[in-house]
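Okay, entry.pdb is below, PDB, C-alpha atoms:
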ATOM      1  CA  MET H  17      23.577  85.853 -64.275  1.00  0.00           C
ATOM      2  CA  PHE H  18      22.564  86.976 -67.787  1.00  0.00           C
ATOM      3  CA  ILE H  19      19.154  88.504 -68.455  1.00  0.00           C
ATOM      4  CA  LEU H  20      17.858  88.358 -72.030  1.00  0.00           C
ATOM      5  CA  CYS H  21      16.647  91.816 -73.034  1.00  0.00           C
ATOM      6  CA  ARG H  22      14.278  92.332 -75.944  1.00  0.00           C
ATOM      7  CA  ASP H  23      13.736  96.014 -75.323  1.00  0.00           C
ATOM      8  CA  ARG H  24      16.301  98.778 -75.504  1.00  0.00           C
ATOM      9  CA  VAL H  25      19.132  98.772 -72.991  1.00  0.00           C
ATOM     10  CA  ALA H  26      19.383 102.153 -71.309  1.00  0.00           C
ATOM     11  CA  LYS H  27      22.520 104.259 -71.522  1.00  0.00           C
ATOM     12  CA  LYS H  28      21.670 105.756 -68.152  1.00  0.00           C
ATOM     13  CA  PRO H  29      20.583 103.228 -65.510  1.00  0.00           C
ATOM     14  CA  TYR H  30      17.659 103.611 -63.170  1.00  0.00           C
ATOM     15  CA  THR H  31      18.656 103.619 -59.502  1.00  0.00           C
ATOM     16  CA  LEU H  32      16.176 101.640 -57.460  1.00  0.00           C
ATOM     17  CA  PRO H  33      14.880 103.183 -54.227  1.00  0.00           C
ATOM     18  CA  PHE H  34      16.201 101.745 -50.939  1.00  0.00           C
ATOM     19  CA  SER H  35      18.672  99.245 -52.418  1.00  0.00           C
ATOM     20  CA  GLU H  36      20.231 101.799 -54.812  1.00  0.00           C
ATOM     21  CA  LYS H  37      20.845  98.960 -57.262  1.00  0.00           C
ATOM     22  CA  LYS H  38      21.150 100.111 -60.879  1.00  0.00           C
ATOM     23  CA  VAL H  39      19.138  98.488 -63.671  1.00  0.00           C
ATOM     24  CA  TYR H  40      19.573  99.068 -67.400  1.00  0.00           C
ATOM     25  CA  SER H  41      16.454  97.507 -68.885  1.00  0.00           C
ATOM     26  CA  LEU H  42      12.818  96.730 -68.211  1.00  0.00           C
ATOM     27  CA  GLU H  43      13.732  93.047 -67.986  1.00  0.00           C
ATOM     28  CA  GLU H  44      16.292  93.747 -65.256  1.00  0.00           C
ATOM     29  CA  LEU H  45      13.715  95.818 -63.386  1.00  0.00           C
ATOM     30  CA  CYS H  46      11.121  93.048 -63.612  1.00  0.00           C
ATOM     31  CA  TYR H  47      13.660  90.458 -62.506  1.00  0.00           C
ATOM     32  CA  TYR H  48      14.490  92.533 -59.433  1.00  0.00           C
ATOM     33  CA  ILE H  49      10.838  93.039 -58.514  1.00  0.00           C
ATOM     34  CA  TYR H  50       9.963  89.372 -59.011  1.00  0.00           C
ATOM     35  CA  ASN H  51      12.824  88.158 -56.826  1.00  0.00           C
ATOM     36  CA  ASN H  52      12.527  90.828 -54.128  1.00  0.00           C
ATOM     37  CA  ILE H  53       8.767  91.096 -53.817  1.00  0.00           C
ATOM     38  CA  TYR H  54       8.860  91.198 -50.001  1.00  0.00           C
ATOM     39  CA  SER H  55      10.958  94.357 -50.157  1.00  0.00           C
ATOM     40  CA  ILE H  56       8.713  96.137 -52.670  1.00  0.00           C
ATOM     41  CA  ASN H  57       6.196  98.679 -51.434  1.00  0.00           C
ATOM     42  CA  GLU H  58       4.331 101.666 -52.846  1.00  0.00           C
ATOM     43  CA  ASP H  59       7.339 103.955 -52.272  1.00  0.00           C
ATOM     44  CA  PHE H  60       9.319 101.825 -54.719  1.00  0.00           C
ATOM     45  CA  PHE H  61       7.314 103.311 -57.603  1.00  0.00           C
ATOM     46  CA  GLN H  62       8.034 106.965 -58.336  1.00  0.00           C
ATOM     47  CA  GLN H  63       7.418 109.314 -61.248  1.00  0.00           C
ATOM     48  CA  SER H  64      11.136 109.159 -62.010  1.00  0.00           C
ATOM     49  CA  LEU H  65      10.570 105.543 -63.053  1.00  0.00           C
ATOM     50  CA  ALA H  66       8.023 106.613 -65.678  1.00  0.00           C
ATOM     51  CA  VAL H  67      10.453 109.236 -66.990  1.00  0.00           C
ATOM     52  CA  TRP H  68      13.238 106.632 -67.214  1.00  0.00           C
ATOM     53  CA  LEU H  69      11.020 104.159 -69.054  1.00  0.00           C
ATOM     54  CA  ARG H  70      10.101 106.845 -71.561  1.00  0.00           C
ATOM     55  CA  ASP H  71      13.491 108.444 -72.121  1.00  0.00           C
ATOM     56  CA  GLU H  72      15.929 105.575 -71.640  1.00  0.00           C
ATOM     57  CA  THR H  73      14.162 102.361 -72.614  1.00  0.00           C
ATOM     58  CA  GLY H  74      12.035 103.685 -75.463  1.00  0.00           C
ATOM     59  CA  LEU H  75       8.730 102.527 -73.966  1.00  0.00           C
ATOM     60  CA  PRO H  76       6.473 105.607 -74.092  1.00  0.00           C
ATOM     61  CA  VAL H  77       3.199 103.680 -73.828  1.00  0.00           C
ATOM     62  CA  LEU H  78       4.250 101.784 -70.721  1.00  0.00           C
ATOM     63  CA  ALA H  79       5.816 104.939 -69.294  1.00  0.00           C
ATOM     64  CA  LYS H  80       2.551 106.880 -69.716  1.00  0.00           C
ATOM     65  CA  LYS H  81       0.552 104.063 -68.188  1.00  0.00           C
ATOM     66  CA  ILE H  82       2.796 103.921 -65.123  1.00  0.00           C
ATOM     67  CA  GLY H  83       2.867 107.719 -64.839  1.00  0.00           C
ATOM     68  CA  ASP H  84      -0.917 107.974 -65.027  1.00  0.00           C
ATOM     69  CA  MET H  85      -1.335 105.205 -62.464  1.00  0.00           C
ATOM     70  CA  LEU H  86       1.003 106.909 -60.006  1.00  0.00           C
ATOM     71  CA  ARG H  87      -1.123 110.040 -60.136  1.00  0.00           C
ATOM     72  CA  SER H  88      -4.210 108.096 -59.083  1.00  0.00           C
ATOM     73  CA  GLU H  89      -2.844 106.171 -56.077  1.00  0.00           C
ATOM     74  CA  PRO H  90      -3.009 102.656 -57.555  1.00  0.00           C
ATOM     75  CA  SER H  91      -2.573  99.420 -55.647  1.00  0.00           C
ATOM     76  CA  LEU H  92       0.893  97.948 -55.411  1.00  0.00           C
ATOM     77  CA  LYS H  93      -0.360  94.826 -57.159  1.00  0.00           C
ATOM     78  CA  ASP H  94      -1.604  96.815 -60.170  1.00  0.00           C
ATOM     79  CA  LEU H  95       1.754  98.552 -60.558  1.00  0.00           C
ATOM     80  CA  VAL H  96       3.739  95.333 -60.352  1.00  0.00           C
ATOM     81  CA  VAL H  97       1.489  93.473 -62.786  1.00  0.00           C
ATOM     82  CA  THR H  98       1.527  96.365 -65.267  1.00  0.00           C
ATOM     83  CA  LEU H  99       5.323  96.382 -65.314  1.00  0.00           C
ATOM     84  CA  LEU H 100       5.678  92.618 -65.549  1.00  0.00           C
ATOM     85  CA  CYS H 101       3.160  92.507 -68.393  1.00  0.00           C
ATOM     86  CA  GLY H 102       5.151  95.231 -70.177  1.00  0.00           C
ATOM     87  CA  CYS H 103       7.690  92.651 -71.329  1.00  0.00           C
ATOM     88  CA  ASP H 104       7.768  88.907 -72.011  1.00  0.00           C
ATOM     89  CA  TYR H 105      10.325  87.995 -69.372  1.00  0.00           C
ATOM     90  CA  TYR H 106       7.824  86.152 -67.146  1.00  0.00           C
ATOM     91  CA  ARG H 107       5.072  83.787 -68.234  1.00  0.00           C
ATOM     92  CA  GLU H 108       1.429  84.371 -67.353  1.00  0.00           C
ATOM     93  CA  ASP H 109       1.409  81.557 -64.786  1.00  0.00           C
ATOM     94  CA  GLU H 110       4.527  82.991 -63.099  1.00  0.00           C
ATOM     95  CA  ILE H 111       2.855  86.392 -62.811  1.00  0.00           C
ATOM     96  CA  ARG H 112      -0.266  84.750 -61.384  1.00  0.00           C
ATOM     97  CA  ASN H 113       1.829  82.990 -58.760  1.00  0.00           C
ATOM     98  CA  LEU H 114       3.490  86.274 -57.838  1.00  0.00           C
ATOM     99  CA  VAL H 115       0.058  87.878 -57.444  1.00  0.00           C
ATOM    100  CA  LYS H 116      -0.844  85.121 -54.950  1.00  0.00           C
ATOM    101  CA  VAL H 117       2.295  85.932 -52.971  1.00  0.00           C
ATOM    102  CA  MET H 118       1.393  89.631 -52.983  1.00  0.00           C
ATOM    103  CA  ASP H 119      -2.140  88.829 -51.824  1.00  0.00           C
ATOM    104  CA  GLY H 120      -0.607  86.888 -48.959  1.00  0.00           C
ATOM    105  CA  ILE H 121       1.572  89.852 -48.021  1.00  0.00           C
ATOM    106  CA  ALA H 122      -1.408  92.215 -48.226  1.00  0.00           C
ATOM    107  CA  ASN H 123      -3.373  89.999 -45.829  1.00  0.00           C
ATOM    108  CA  LEU H 124      -0.639  89.901 -43.210  1.00  0.00           C
ATOM    109  CA  PRO H 125      -1.470  91.566 -39.890  1.00  0.00           C
ATOM    110  CA  LEU H 126      -0.169  95.100 -39.543  1.00  0.00           C
ATOM    111  CA  TYR H 127       2.577  94.191 -37.054  1.00  0.00           C
ATOM    112  CA  LYS H 128       4.112  91.709 -39.521  1.00  0.00           C
ATOM    113  CA  LYS H 129       4.009  94.291 -42.295  1.00  0.00           C
ATOM    114  CA  LYS H 130       5.808  96.703 -39.972  1.00  0.00           C
ATOM    115  CA  LYS H 131       8.540  94.128 -39.386  1.00  0.00           C
ATOM    116  CA  ILE H 132       8.944  93.576 -43.126  1.00  0.00           C
ATOM    117  CA  LYS H 133       9.302  97.336 -43.537  1.00  0.00           C
ATOM    118  CA  ALA H 134      11.984  97.508 -40.827  1.00  0.00           C
ATOM    119  CA  ASP H 135      13.847  94.524 -42.291  1.00  0.00           C
ATOM    120  CA  ASN H 136      13.782  96.134 -45.734  1.00  0.00           C
ATOM    121  CA  TYR H 137      15.436  99.271 -44.347  1.00  0.00           C
ATOM    122  CA  LEU H 138      18.075  97.128 -42.648  1.00  0.00           C
ATOM    123  CA  ARG H 139      18.714  95.098 -45.802  1.00  0.00           C
ATOM    124  CA  ALA H 140      19.147  98.300 -47.786  1.00  0.00           C
ATOM    125  CA  GLY H 141      21.702  99.676 -45.316  1.00  0.00           C
ATOM    126  CA  ARG H 142      19.384 102.394 -43.985  1.00  0.00           C
ATOM    127  CA  TYR H 143      20.302 101.595 -40.414  1.00  0.00           C
ATOM    128  CA  GLY H 144      18.921 104.714 -38.757  1.00  0.00           C
ATOM    129  CA  LYS H 145      15.494 104.184 -40.321  1.00  0.00           C
ATOM    130  CA  SER H 146      15.487 100.492 -39.454  1.00  0.00           C
ATOM    131  CA  LEU H 147      16.464 101.272 -35.869  1.00  0.00           C
ATOM    132  CA  SER H 148      13.496 103.621 -35.480  1.00  0.00           C
ATOM    133  CA  GLU H 149      11.150 100.955 -36.829  1.00  0.00           C
ATOM    134  CA  TYR H 150      12.555  98.220 -34.579  1.00  0.00           C
ATOM    135  CA  ARG H 151      12.217 100.421 -31.516  1.00  0.00           C
ATOM    136  CA  ARG H 152       8.552 100.988 -32.300  1.00  0.00           C
ATOM    137  CA  LEU H 153       8.002  97.260 -32.687  1.00  0.00           C
ATOM    138  CA  LEU H 154       9.816  96.337 -29.483  1.00  0.00           C
ATOM    139  CA  HIS H 155       8.474  99.077 -27.232  1.00  0.00           C
ATOM    140  CA  GLY H 156       5.110  99.979 -28.763  1.00  0.00           C
ATOM    141  CA  SER H 157       1.689  98.387 -28.865  1.00  0.00           C
ATOM    142  CA  PHE H 158       2.783  95.801 -31.466  1.00  0.00           C
ATOM    143  CA  ALA H 159       5.202  94.066 -29.075  1.00  0.00           C
ATOM    144  CA  VAL H 160       2.526  91.820 -27.537  1.00  0.00           C
ATOM    145  CA  ASN H 161       1.820  90.253 -30.941  1.00  0.00           C
ATOM    146  CA  PHE H 162       5.240  88.618 -31.325  1.00  0.00           C
ATOM    147  CA  THR H 163       6.220  85.252 -29.953  1.00  0.00           C
ATOM    148  CA  THR H 164       9.258  85.075 -27.685  1.00  0.00           C
ATOM    149  CA  GLU H 165      11.360  83.824 -30.604  1.00  0.00           C
ATOM    150  CA  GLU H 166      10.087  86.525 -32.984  1.00  0.00           C
ATOM    151  CA  TYR H 167      10.816  89.188 -30.377  1.00  0.00           C
ATOM    152  CA  GLY H 168      14.347  87.802 -30.127  1.00  0.00           C
ATOM    153  CA  ASP H 169      14.771  87.949 -33.899  1.00  0.00           C
ATOM    154  CA  ILE H 170      13.773  91.618 -33.869  1.00  0.00           C
ATOM    155  CA  LEU H 171      16.273  92.279 -31.080  1.00  0.00           C
ATOM    156  CA  HIS H 172      18.958  90.609 -33.196  1.00  0.00           C
ATOM    157  CA  ASN H 173      18.217  92.860 -36.164  1.00  0.00           C
ATOM    158  CA  GLN H 174      18.092  95.892 -33.890  1.00  0.00           C
ATOM    159  CA  GLY H 175      21.548  94.846 -32.714  1.00  0.00           C
ATOM    160  CA  ILE H 176      22.840  95.049 -36.274  1.00  0.00           C
ATOM    161  CA  ALA H 177      21.301  98.511 -36.649  1.00  0.00           C
ATOM    162  CA  HIS H 178      22.838  99.605 -33.334  1.00  0.00           C
ATOM    163  CA  PHE H 179      26.199  98.227 -34.443  1.00  0.00           C
ATOM    164  CA  TYR H 180      26.239 100.590 -37.418  1.00  0.00           C
ATOM    165  CA  THR H 181      24.661 103.655 -35.869  1.00  0.00           C
ATOM    166  CA  SER H 182      25.751 103.843 -32.235  1.00  0.00           C
ATOM    167  CA  SER H 183      27.800 101.949 -29.665  1.00  0.00           C
ATOM    168  CA  PHE H 184      28.984  98.385 -29.340  1.00  0.00           C
ATOM    169  CA  ALA H 185      27.411  98.326 -25.866  1.00  0.00           C
ATOM    170  CA  GLU H 186      23.870  98.672 -27.227  1.00  0.00           C
ATOM    171  CA  ALA H 187      24.472  96.106 -29.948  1.00  0.00           C
ATOM    172  CA  GLU H 188      26.055  93.748 -27.410  1.00  0.00           C
ATOM    173  CA  ASN H 189      22.992  93.928 -25.169  1.00  0.00           C
ATOM    174  CA  ASP H 190      20.645  93.369 -28.118  1.00  0.00           C
ATOM    175  CA  PHE H 191      22.448  90.230 -29.273  1.00  0.00           C
ATOM    176  CA  LYS H 192      22.619  88.804 -25.767  1.00  0.00           C
ATOM    177  CA  GLU H 193      18.939  89.430 -25.109  1.00  0.00           C
ATOM    178  CA  ALA H 194      18.088  88.090 -28.572  1.00  0.00           C
ATOM    179  CA  TYR H 195      19.829  84.782 -27.861  1.00  0.00           C
ATOM    180  CA  VAL H 196      18.028  84.390 -24.548  1.00  0.00           C
ATOM    181  CA  ARG H 197      14.753  84.525 -26.469  1.00  0.00           C
ATOM    182  CA  ASN H 198      15.418  82.955 -29.876  1.00  0.00           C
ATOM    183  CA  HIS H 199      18.287  80.550 -29.056  1.00  0.00           C
ATOM    184  CA  GLU H 200      19.732  81.236 -32.508  1.00  0.00           C
ATOM    185  CA  PRO H 201      23.477  80.471 -32.818  1.00  0.00           C
ATOM    186  CA  ASP H 202      23.975  83.636 -34.897  1.00  0.00           C
ATOM    187  CA  SER H 203      22.766  85.836 -32.036  1.00  0.00           C
ATOM    188  CA  LEU H 204      25.178  84.188 -29.596  1.00  0.00           C
ATOM    189  CA  ARG H 205      28.024  84.394 -32.118  1.00  0.00           C
ATOM    190  CA  HIS H 206      27.417  88.119 -32.675  1.00  0.00           C
ATOM    191  CA  TYR H 207      27.382  88.703 -28.921  1.00  0.00           C
ATOM    192  CA  LEU H 208      30.595  86.794 -28.229  1.00  0.00           C
ATOM    193  CA  TRP H 209      32.405  88.351 -31.166  1.00  0.00           C
ATOM    194  CA  LEU H 210      31.560  91.814 -29.898  1.00  0.00           C
ATOM    195  CA  LEU H 211      33.209  90.924 -26.598  1.00  0.00           C
ATOM    196  CA  LEU H 212      36.336  89.848 -28.463  1.00  0.00           C
ATOM    197  CA  MET H 213      36.284  92.982 -30.614  1.00  0.00           C
ATOM    198  CA  GLN H 214      36.445  95.039 -27.423  1.00  0.00           C
ATOM    199  CA  GLY H 215      39.319  92.971 -26.030  1.00  0.00           C
ATOM    200  CA  ARG H 216      37.175  91.517 -23.253  1.00  0.00           C
ATOM    201  CA  GLU H 217      38.760  88.078 -23.204  1.00  0.00           C
ATOM    202  CA  LYS H 218      37.673  87.134 -19.683  1.00  0.00           C
ATOM    203  CA  ASP H 219      34.080  88.172 -20.390  1.00  0.00           C
ATOM    204  CA  PHE H 220      34.154  86.123 -23.591  1.00  0.00           C
ATOM    205  CA  GLU H 221      35.279  83.003 -21.724  1.00  0.00           C
ATOM    206  CA  ALA H 222      32.834  83.509 -18.862  1.00  0.00           C
ATOM    207  CA  GLU H 223      29.836  84.206 -21.066  1.00  0.00           C
ATOM    208  CA  ALA H 224      30.586  81.301 -23.396  1.00  0.00           C
ATOM    209  CA  VAL H 225      30.633  78.963 -20.399  1.00  0.00           C
ATOM    210  CA  SER H 226      27.489  80.516 -18.899  1.00  0.00           C
ATOM    211  CA  PHE H 227      25.613  79.767 -22.113  1.00  0.00           C
ATOM    212  CA  GLY H 228      26.643  76.130 -21.938  1.00  0.00           C
ATOM    213  CA  MET H 229      29.305  76.033 -24.621  1.00  0.00           C
ATOM    214  CA  ALA H 230      31.733  73.135 -24.434  1.00  0.00           C
ATOM    215  CA  PRO H 231      35.486  73.909 -24.461  1.00  0.00           C
ATOM    216  CA  GLU H 232      35.804  72.813 -28.095  1.00  0.00           C
ATOM    217  CA  GLU H 233      32.901  75.112 -29.062  1.00  0.00           C
ATOM    218  CA  VAL H 234      34.586  78.043 -27.322  1.00  0.00           C
ATOM    219  CA  ARG H 235      37.816  77.332 -29.212  1.00  0.00           C
ATOM    220  CA  ALA H 236      35.889  77.075 -32.476  1.00  0.00           C
ATOM    221  CA  ALA H 237      34.169  80.414 -31.837  1.00  0.00           C
ATOM    222  CA  ARG H 238      37.501  82.085 -31.182  1.00  0.00           C
ATOM    223  CA  SER H 239      39.062  80.518 -34.285  1.00  0.00           C
ATOM    224  CA  GLU H 240      36.162  81.652 -36.431  1.00  0.00           C
ATOM    225  CA  TYR H 241      36.570  85.173 -35.079  1.00  0.00           C
ATOM    226  CA  THR H 242      40.311  85.102 -35.795  1.00  0.00           C
ATOM    227  CA  ARG H 243      39.704  83.957 -39.375  1.00  0.00           C
ATOM    228  CA  ALA H 244      37.173  86.738 -39.929  1.00  0.00           C
ATOM    229  CA  VAL H 245      39.636  89.322 -38.637  1.00  0.00           C
ATOM    230  CA  SER H 246      42.432  88.019 -40.839  1.00  0.00           C
ATOM    231  CA  GLN H 247      40.211  88.205 -43.936  1.00  0.00           C
ATOM    232  CA  CYS H 248      39.523  91.898 -43.526  1.00  0.00           C
ATOM    233  CA  ALA H 249      42.532  93.165 -41.628  1.00  0.00           C
ATOM    234  CA  VAL H 250      44.830  95.794 -43.087  1.00  0.00           C
ATOM    235  CA  PRO H 251      48.515  95.085 -42.248  1.00  0.00           C
ATOM    236  CA  GLU H 252      49.849  97.985 -40.155  1.00  0.00           C
ATOM    237  CA  PRO H 253      46.996 100.314 -41.142  1.00  0.00           C
ATOM    238  CA  SER H 254      47.812 103.961 -41.519  1.00  0.00           C
ATOM    239  CA  GLU H 255      45.479 106.696 -40.275  1.00  0.00           C
ATOM    240  CA  ASP H 256      43.935 106.840 -43.736  1.00  0.00           C
ATOM    241  CA  ASP H 257      43.105 103.130 -43.514  1.00  0.00           C
ATOM    242  CA  ILE H 258      41.374 103.209 -40.134  1.00  0.00           C
ATOM    243  CA  GLU H 259      37.850 104.071 -41.291  1.00  0.00           C
ATOM    244  CA  ARG H 260      38.005 101.552 -44.130  1.00  0.00           C
ATOM    245  CA  TYR H 261      39.302  98.948 -41.691  1.00  0.00           C
ATOM    246  CA  LYS H 262      36.383  99.587 -39.339  1.00  0.00           C
ATOM    247  CA  GLU H 263      33.889  99.214 -42.160  1.00  0.00           C
ATOM    248  CA  GLN H 264      35.460  95.919 -43.221  1.00  0.00           C
ATOM    249  CA  LEU H 265      35.177  94.613 -39.674  1.00  0.00           C
ATOM    250  CA  LYS H 266      31.553  95.658 -39.491  1.00  0.00           C
ATOM    251  CA  LYS H 267      30.737  93.840 -42.715  1.00  0.00           C
ATOM    252  CA  ALA H 268      32.487  90.710 -41.495  1.00  0.00           C
ATOM    253  CA  PHE H 269      30.797  90.598 -38.107  1.00  0.00           C
ATOM    254  CA  ALA H 270      27.379  92.172 -38.488  1.00  0.00           C
ATOM    255  CA  CYS H 271      25.995  91.262 -41.887  1.00  0.00           C
TER
END

Please express what this file holds, its structure, as structure tokens.
Amino acid sequence: MFILCRDRVAKKPYTLPFSEKKVYSLEELCYYIYNNIYSINEDFFQQSLAVWLRDETGLPVLAKKIGDMLRSEPSLKDLVVTLLCGCDYYREDEIRNLVKVMDGIANLPLYKKKKIKADNYLRAGRYGKSLSEYRRLLHGSFAVNFTTEEYGDILHNQGIAHFYTSSFAEAENDFKEAYVRNHEPDSLRHYLWLLLMQGREKDFEAEAVSFGMAPEEVRAARSEYTRAVSQCAVPEPSEDDIERYKEQLKKAFAC
């Protein structure tokens, strides 16, 4: 995708918090914010952003405005609107529509905001932080607010976080329990694939049958797993390849 830039393109990019994506212009920054508004919070805006706007994009007025706002604890909406109005990338009606979305987010109950926060950490690859947030949601006072299906979805995401930060056993249990609650095919697929990853062929067959899968569905699940392995496998990996191989498997199965 090409983004038309009217302002100066920075020689040094700005690295966005959480996602660590690099942007080279105000237009790129606005595009990211507009299309990822559910992952934007107050921590996204830091004084380093004001410095970058001043030194790299040649926008001292906007930089000062953002810097001054950050010193006075502004609302998230004010910061977003100020940035979006700093260039002509989005029309006035588009900014108004985004404000409505932000108002909707602001009016969400606290437990839903907490889930968005946890999901943002997971999406950004901060698995330890996301795991802490999911544990609080599942085992704290917020748990009673979620439907059975929503609770299952949180378990599924916790399974992904467990997959990256601890043992397969914890992730396996999360995915299984998630499927019992949300009945999502992805949760069952993650669970069965983990059994295959650990070489537990008999458990794979037994569990697939116990969850009501027909023989052709079991064969399809195994074939899908085999294809995923073949796409990321390293032929006769050396010791130096092992860690990279593991990471490739994780990306194939858990993302």

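The space separating CA of Arg142 in chain H from CA of Phe60 in chain H comes to 14.7 Å.
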
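Nearest to Ala244 in chain H of all the residues H:Glu165, H:Leu153, H:Leu212, H:Ile132 is H:Leu212, based on only C-alpha atoms.
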
_Using all atoms listed in the file, list the residues that have an atom at most 12 Å from (-0.9, 102.5, -63.4), coordinates as in the file, as a ChimeraX atom specification._
/H:58,61-63,65-66,77-99,101-102

*Show which residues sit within 8 Å of Lys145 in chain H, as a list in words. Count all atoms listed in the file, and ignore same-chain residues fewer than 5 positions away.*
Ala134, Tyr137 and Leu138 of chain H

Only C-alpha atoms, please: the residues just picked out, written as a CSV table (one decimal), keeping the file's coordinate frame.
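As written to disk, result19.csv reads:
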chain,number,residue,atom,x,y,z
H,134,ALA,CA,12.0,97.5,-40.8
H,137,TYR,CA,15.4,99.3,-44.3
H,138,LEU,CA,18.1,97.1,-42.6

*Apply the PyMOL selection byres ((chain H and resi 40-57) around 6) to the file shown and report the selected residues as a ChimeraX atom specification.*
/H:21,25-26,29,39,58-60,100,136

*asked:* For a quick check of understanding, using all atoms listed in the file, which of H:Glu233, H:His172, H:Pro201, H:Tyr207 has the smallest distance to Glu188 in chain H?
replied: H:Tyr207

*Pick the closest to Trp209 in chain H from H:Phe184, H:Tyr127, H:Tyr30, H:Trp68: which is it, counting all atoms listed in the file?*
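Checking each of H:Phe184, H:Tyr127, H:Tyr30, H:Trp68 against Trp209 in chain H, counting all atoms listed in the file, the winner is H:Phe184.
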
*Hey, can you check how far CA of Val115 in chain H sits from CA of Lys128 in chain H?*
18.8 Å

_Among the residues H:Gln174, H:Lys129, H:Asn161, H:Asp71, the one that comes closest to Glu186 in chain H [using only C-alpha atoms]_ =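 Distance minimum relative to Glu186 in chain H lands on H:Gln174.
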
Can you take range 25-30 of chain H from the block and write all heavy atoms as a PDB file, in the first residue's frame?
ATOM      1  N   VAL H  25       9.352  13.426   4.738  1.00  0.00           N
ATOM      2  CA  VAL H  25       9.574  12.034   5.113  1.00  0.00           C
ATOM      3  C   VAL H  25      10.823  11.968   5.980  1.00  0.00           C
ATOM      4  O   VAL H  25      11.877  12.487   5.610  1.00  0.00           O
ATOM      5  CB  VAL H  25       9.735  11.141   3.865  1.00  0.00           C
ATOM      6  CG1 VAL H  25      10.052   9.709   4.266  1.00  0.00           C
ATOM      7  CG2 VAL H  25       8.467  11.188   3.015  1.00  0.00           C
ATOM      8  N   ALA H  26      10.702  11.343   7.127  1.00  0.00           N
ATOM      9  CA  ALA H  26      11.795  11.319   8.094  1.00  0.00           C
ATOM     10  C   ALA H  26      12.935  10.414   7.634  1.00  0.00           C
ATOM     11  O   ALA H  26      12.709   9.371   7.016  1.00  0.00           O
ATOM     12  CB  ALA H  26      11.272  10.844   9.444  1.00  0.00           C
ATOM     13  N   LYS H  27      14.150  10.827   7.936  1.00  0.00           N
ATOM     14  CA  LYS H  27      15.302   9.958   7.688  1.00  0.00           C
ATOM     15  C   LYS H  27      15.363   8.869   8.751  1.00  0.00           C
ATOM     16  O   LYS H  27      15.741   7.735   8.467  1.00  0.00           O
ATOM     17  CB  LYS H  27      16.585  10.787   7.690  1.00  0.00           C
ATOM     18  CG  LYS H  27      16.708  11.748   6.506  1.00  0.00           C
ATOM     19  CD  LYS H  27      18.025  12.498   6.549  1.00  0.00           C
ATOM     20  CE  LYS H  27      18.143  13.442   5.355  1.00  0.00           C
ATOM     21  NZ  LYS H  27      19.407  14.220   5.389  1.00  0.00           N
ATOM     22  N   LYS H  28      15.006   9.236   9.964  1.00  0.00           N
ATOM     23  CA  LYS H  28      14.971   8.269  11.058  1.00  0.00           C
ATOM     24  C   LYS H  28      13.507   7.986  11.395  1.00  0.00           C
ATOM     25  O   LYS H  28      12.753   8.916  11.703  1.00  0.00           O
ATOM     26  CB  LYS H  28      15.694   8.805  12.288  1.00  0.00           C
ATOM     27  CG  LYS H  28      17.188   8.993  12.094  1.00  0.00           C
ATOM     28  CD  LYS H  28      17.843   9.505  13.368  1.00  0.00           C
ATOM     29  CE  LYS H  28      19.337   9.703  13.184  1.00  0.00           C
ATOM     30  NZ  LYS H  28      19.976  10.228  14.419  1.00  0.00           N
ATOM     31  N   PRO H  29      13.084   6.748  11.341  1.00  0.00           N
ATOM     32  CA  PRO H  29      11.672   6.434  11.607  1.00  0.00           C
ATOM     33  C   PRO H  29      11.330   6.545  13.085  1.00  0.00           C
ATOM     34  O   PRO H  29      12.221   6.533  13.946  1.00  0.00           O
ATOM     35  CB  PRO H  29      11.548   4.993  11.129  1.00  0.00           C
ATOM     36  CG  PRO H  29      12.904   4.415  11.366  1.00  0.00           C
ATOM     37  CD  PRO H  29      13.868   5.536  11.049  1.00  0.00           C
ATOM     38  N   TYR H  30      10.056   6.635  13.343  1.00  0.00           N
ATOM     39  CA  TYR H  30       9.563   6.584  14.722  1.00  0.00           C
ATOM     40  C   TYR H  30       9.068   5.168  14.971  1.00  0.00           C
ATOM     41  O   TYR H  30       8.285   4.619  14.186  1.00  0.00           O
ATOM     42  CB  TYR H  30       8.432   7.580  14.940  1.00  0.00           C
ATOM     43  CG  TYR H  30       7.919   7.589  16.370  1.00  0.00           C
ATOM     44  CD1 TYR H  30       8.720   8.061  17.402  1.00  0.00           C
ATOM     45  CD2 TYR H  30       6.648   7.112  16.676  1.00  0.00           C
ATOM     46  CE1 TYR H  30       8.265   8.063  18.714  1.00  0.00           C
ATOM     47  CE2 TYR H  30       6.180   7.118  17.984  1.00  0.00           C
ATOM     48  CZ  TYR H  30       6.994   7.594  18.997  1.00  0.00           C
ATOM     49  OH  TYR H  30       6.551   7.600  20.297  1.00  0.00           O
TER      50      TYR H  30
END
